[in-house]
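Structure first, commentary second.
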2 protein chains.
Amino acid sequence: MQDKNGKIRKDNTDTRRAELIAATLRIIARDGVKAATVRQITQEANVTQGLVRYYFQSKDELIAAAYESYMSGLVRAADDASKGEGGASERLAKFIEASLQAPVTGRDTVAIWAGFFELLLHDEAMIASHKRGYDSLRLHLKSLIADVLAEQGRSATEAELRRLSIAGNAILDGLWMEGGALPEAFHDGELVLVGLESFGALLKTDLCSFQKSLPRS
Amino acid sequence: MQDKNGKIRKDNTDTRRAELIAATLRIIARDGVKAATVRQITQEANVTQGLVRYYFQSKDELIAAAYESYMSGLVRAADDASKGEGGASERLAKFIEASLQAPVTGRDTVAIWAGFFELLLHDEAMIASHKRGYDSLRLHLKSLIADVLAEQGRSATEAELRRLSIAGNAILDGLWMEGGALPEAFHDGELVLVGLESFGALLKTDLCSFQKSLPRS
DNA sequence: TATAAATTTATACAACTGTATTATTTTGGG
DNA sequence: CCCAAAATAATACAGTTGTATAAATTTATA
């Protein structure tokens with residue numbers, strides 16, 4: 001793509017845009033938002049810096065597009081993880097596993113998230129986008145939890161469900177973040193095990209039996 | 001302090017240093033790390049910009065000092081919260097409450113944390129400092145949990161204690177972060193209630209009875 | 001009060017930022 | 001093959017950054 005012969009140049013519009021976004025995310029993951037300058041991004045994407053103005057009205061627009069791309073990837077990953085055909089408990093377990101394993105949990109993903117989180121706290125426009133993504137993930141988790149309770153013939157008020165989904169989301173967020181910030185502080189599979197145990201305690205059911213590869217306890 | 005008569009100027013060394021650090025934290029909380037420039041910081045502290053070079057070898061050193069100050073404040077707050085004379089369960093409940101209420105949970109505290117988190121992910125020196133603070137908080141929580149179990153005559157292996165403390169810490173981190181990022185998404189006391197319920201489920205005991213002001217469920 | 005040290009302030013500068021402008025190359029239909 | 005339009009690239013510029021340096025002020029001691 002980066003060659004100077006320039007043979008493959010047809011219908012590059014979407015490709016180039018996506019490349020710029022991907023390069024932005026790569027730099028934020030590797031070196032942080034501070035390093036995500038127009039020059040660094042275009043260099044990473046093997047294009048010249050004028051290009052960013054051709055595809056985006058401003059750098060802020062590129063950053064916003066990168067955030068949207070990142071966030072929708074997370075939401076999609078969450079959907080995929082729990083779309084299997086198993087029972088409710090198994091689907092929840094899969095969702096938890098996927099949330100606490102690579103590539104969702106991983107230094108890069110967490111580093112990108114950290115960069116955007118710092119940005120959105122001080123940006124009204126981004127905070128709305130964040131709220132949408134957060135609500136989407138929490139409501140997804142909420143319906144998974146509701147399914148598990150229904151599967152076991154148990155009932156819960158809407159308020160209880162809400163609190164369970166908030167707590168569950170907090171567990172995933174917290175473990176995910178710690179795993180990303182201090183990857184070497186946890187051994188393989190430990191975060192998944194803690195996540196399954198904690199959700200099990202929260203919902204008073206067993207989820208650990210669904211774990212694929214049990215680590216040595 | 002900022003008057004031009006300059007009467008009170010004795011032994012200002014520590015004061016000025018602390019003022020610069022406080023100004024740094026205020027700006028990071030309000031406008032993010034990007035806004036924390038030497039000029040903004042010194043203006044916020046009502047001094048000229050040369051001063052920062054007198055007290056700190058570089059801006060990075062000021063940032064690092066601000067992080068240390070912030071982190072030690074968090075650790076101290078955690079210690080204070082659970083140093084009462086009640087039983088183990090009550091002390092744990094107090095710790096949870098304190099962790100999920102102002103001033104620990106609050107936009108400013110979370111915003112400062114977010115700024116530093118983004119920085120430390122890409123800074124070897126800061127990540128060591130972070131690990132120390134994180135370990136300190138988690139070990140504190142671990143001993144609180146151990147006390148609760150001991151109080152009830154229950155036993156737990158070291159590995160179980162470790163996982164419980166990781167999970168508990170994740171719950172606090174997750175709730176704390178969500179409360180800071182989306183303060184209006186939760187009503188008063190909701191985060192504390194979720195925290196107490198979740199820890200109760202995790203430890204298979206009741207902690208909600210210790211909550212001071214019960215919100216309407 | 002006189003004076004040297006400590007503290008505070010002002011100015012200068014090179015490097016880097018986002019963006020605007022201009023030039024070059026590539027593409028597709030006649 | 002030609003040529004307007006689309007796509008890509010190169011250069012210029014004003015503003016901001018961290019920091020270095022020099023000047024001014026305050027403090028403590030004799």
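Labels for the structure tokens follow display order: chains A, B, ..., residues from 1 in each chain, ligands from 1.
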
8 Å contacts from chain A to chain C using only C-alpha atoms (C1' of nucleotides), as a compact mmCIF listing (two decimals) with N, CA and C atoms, in the first residue's frame:
# COMPACT_ATOMS: atom_id res chain seq x y z
N THR A 37 0.33 12.93 17.29
CA THR A 37 0.30 14.18 16.54
C THR A 37 -0.01 13.86 15.08
N VAL A 38 -0.38 14.89 14.35
CA VAL A 38 -0.71 14.68 12.94
C VAL A 38 0.49 14.09 12.20
N LYS A 59 -7.96 17.60 13.23
CA LYS A 59 -7.40 16.49 13.99
C LYS A 59 -8.40 15.97 15.01

Could you give me, as a tab-separated table, every chain A residue with an atom at most 8 Å from chain D, plus its closest atom pair and distance in Å to one decimal, counting only C-alpha atoms (C1' of nucleotides), rows ordered by chain then number?
residue	atom	partner	partner_atom	distance
A:Thr48	CA	D:DA9	C1'	6.1
A:Gly50	CA	D:DA9	C1'	7.1
A:Leu51	CA	D:DT8	C1'	7.1

Hey, can you spit out that residue selection with N, CA and C atoms as a compact mmCIF listing (two decimals), in the first residue's frame?
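New file out-v4.txt:
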# COMPACT_ATOMS: atom_id res chain seq x y z
N THR A 48 1.57 11.44 3.71
CA THR A 48 2.03 12.76 4.12
C THR A 48 0.93 13.45 4.92
N GLY A 50 -0.63 16.22 4.85
CA GLY A 50 -1.77 16.94 4.30
C GLY A 50 -3.00 16.05 4.17
N LEU A 51 -2.73 14.76 4.10
CA LEU A 51 -3.83 13.82 3.86
C LEU A 51 -4.88 13.83 4.96

Which polymer residues have any atom within 9 Å of an atom of Lys34 in chain B, counting only C-alpha atoms (C1' of nucleotides), with same-chain residues fewer than 3 positions away left out, as a PyMOL selection string?
(chain A and resi 34+119) or (chain B and resi 28+31+37+115)

Counting only C-alpha atoms, which residues in chain A sit no more than 6 Å from chain B? For each one, give the nearest pair of atoms and the distance in Å, sorted by chain then residue number, as a Markdown table.
| residue | atom | partner | partner_atom | distance |
| --- | --- | --- | --- | --- |
| A:Asp31 | CA | B:His122 | CA | 5.9 |
| A:Ala114 | CA | B:Glu118 | CA | 5.3 |
| A:Gly115 | CA | B:Glu118 | CA | 5.5 |
| A:Glu118 | CA | B:Ala114 | CA | 5.3 |
| A:His122 | CA | B:Asp31 | CA | 6.0 |
| A:Arg163 | CA | B:Val194 | CA | 6.0 |
| A:Ala170 | CA | B:Gly174 | CA | 3.9 |
| A:Ile171 | CA | B:Ile171 | CA | 4.7 |
| A:Asp173 | CA | B:Gly174 | CA | 5.3 |
| A:Gly174 | CA | B:Ala170 | CA | 3.9 |
| A:Leu175 | CA | B:Ala170 | CA | 5.2 |
| A:Val194 | CA | B:Arg163 | CA | 5.9 |
| A:Ala201 | CA | B:Leu202 | CA | 5.3 |
| A:Leu202 | CA | B:Ala201 | CA | 5.3 |

task = State, in Å with one decimal place, the distance from CA of Gln101 in chain A to CA of Ser72 in chain A.
result =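 That distance, rounded to one decimal, is 17.9 Å.
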
Taken to one decimal, the CA of Tyr70 in chain A-CA of Gly87 in chain A distance is 29.3 Å

Point to revise | Test item, alpha helix (DSSP H) assignment across range 78-197 of chain B, answer as number ranges by chain | key: B: 78-81, 88-99, 107-120, 124-151, 158-181, 190-197

Original post:
Of the candidates B:Ala66, B:Ala77, B:Ala36, B:Ala98, which one gets nearest to Leu196 in chain B if we count only C-alpha atoms?
Top reply: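 Between B:Ala66, B:Ala77, B:Ala36, B:Ala98, the residue approaching Leu196 in chain B most closely is B:Ala98.
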
Open item on the list: Please report the interatomic distance between CA of Ile41 in chain B and CA of Leu74 in chain B in Å with one decimal.
Closed with: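 Separating CA of Ile41 in chain B from CA of Leu74 in chain B is a distance of 22.1 Å.
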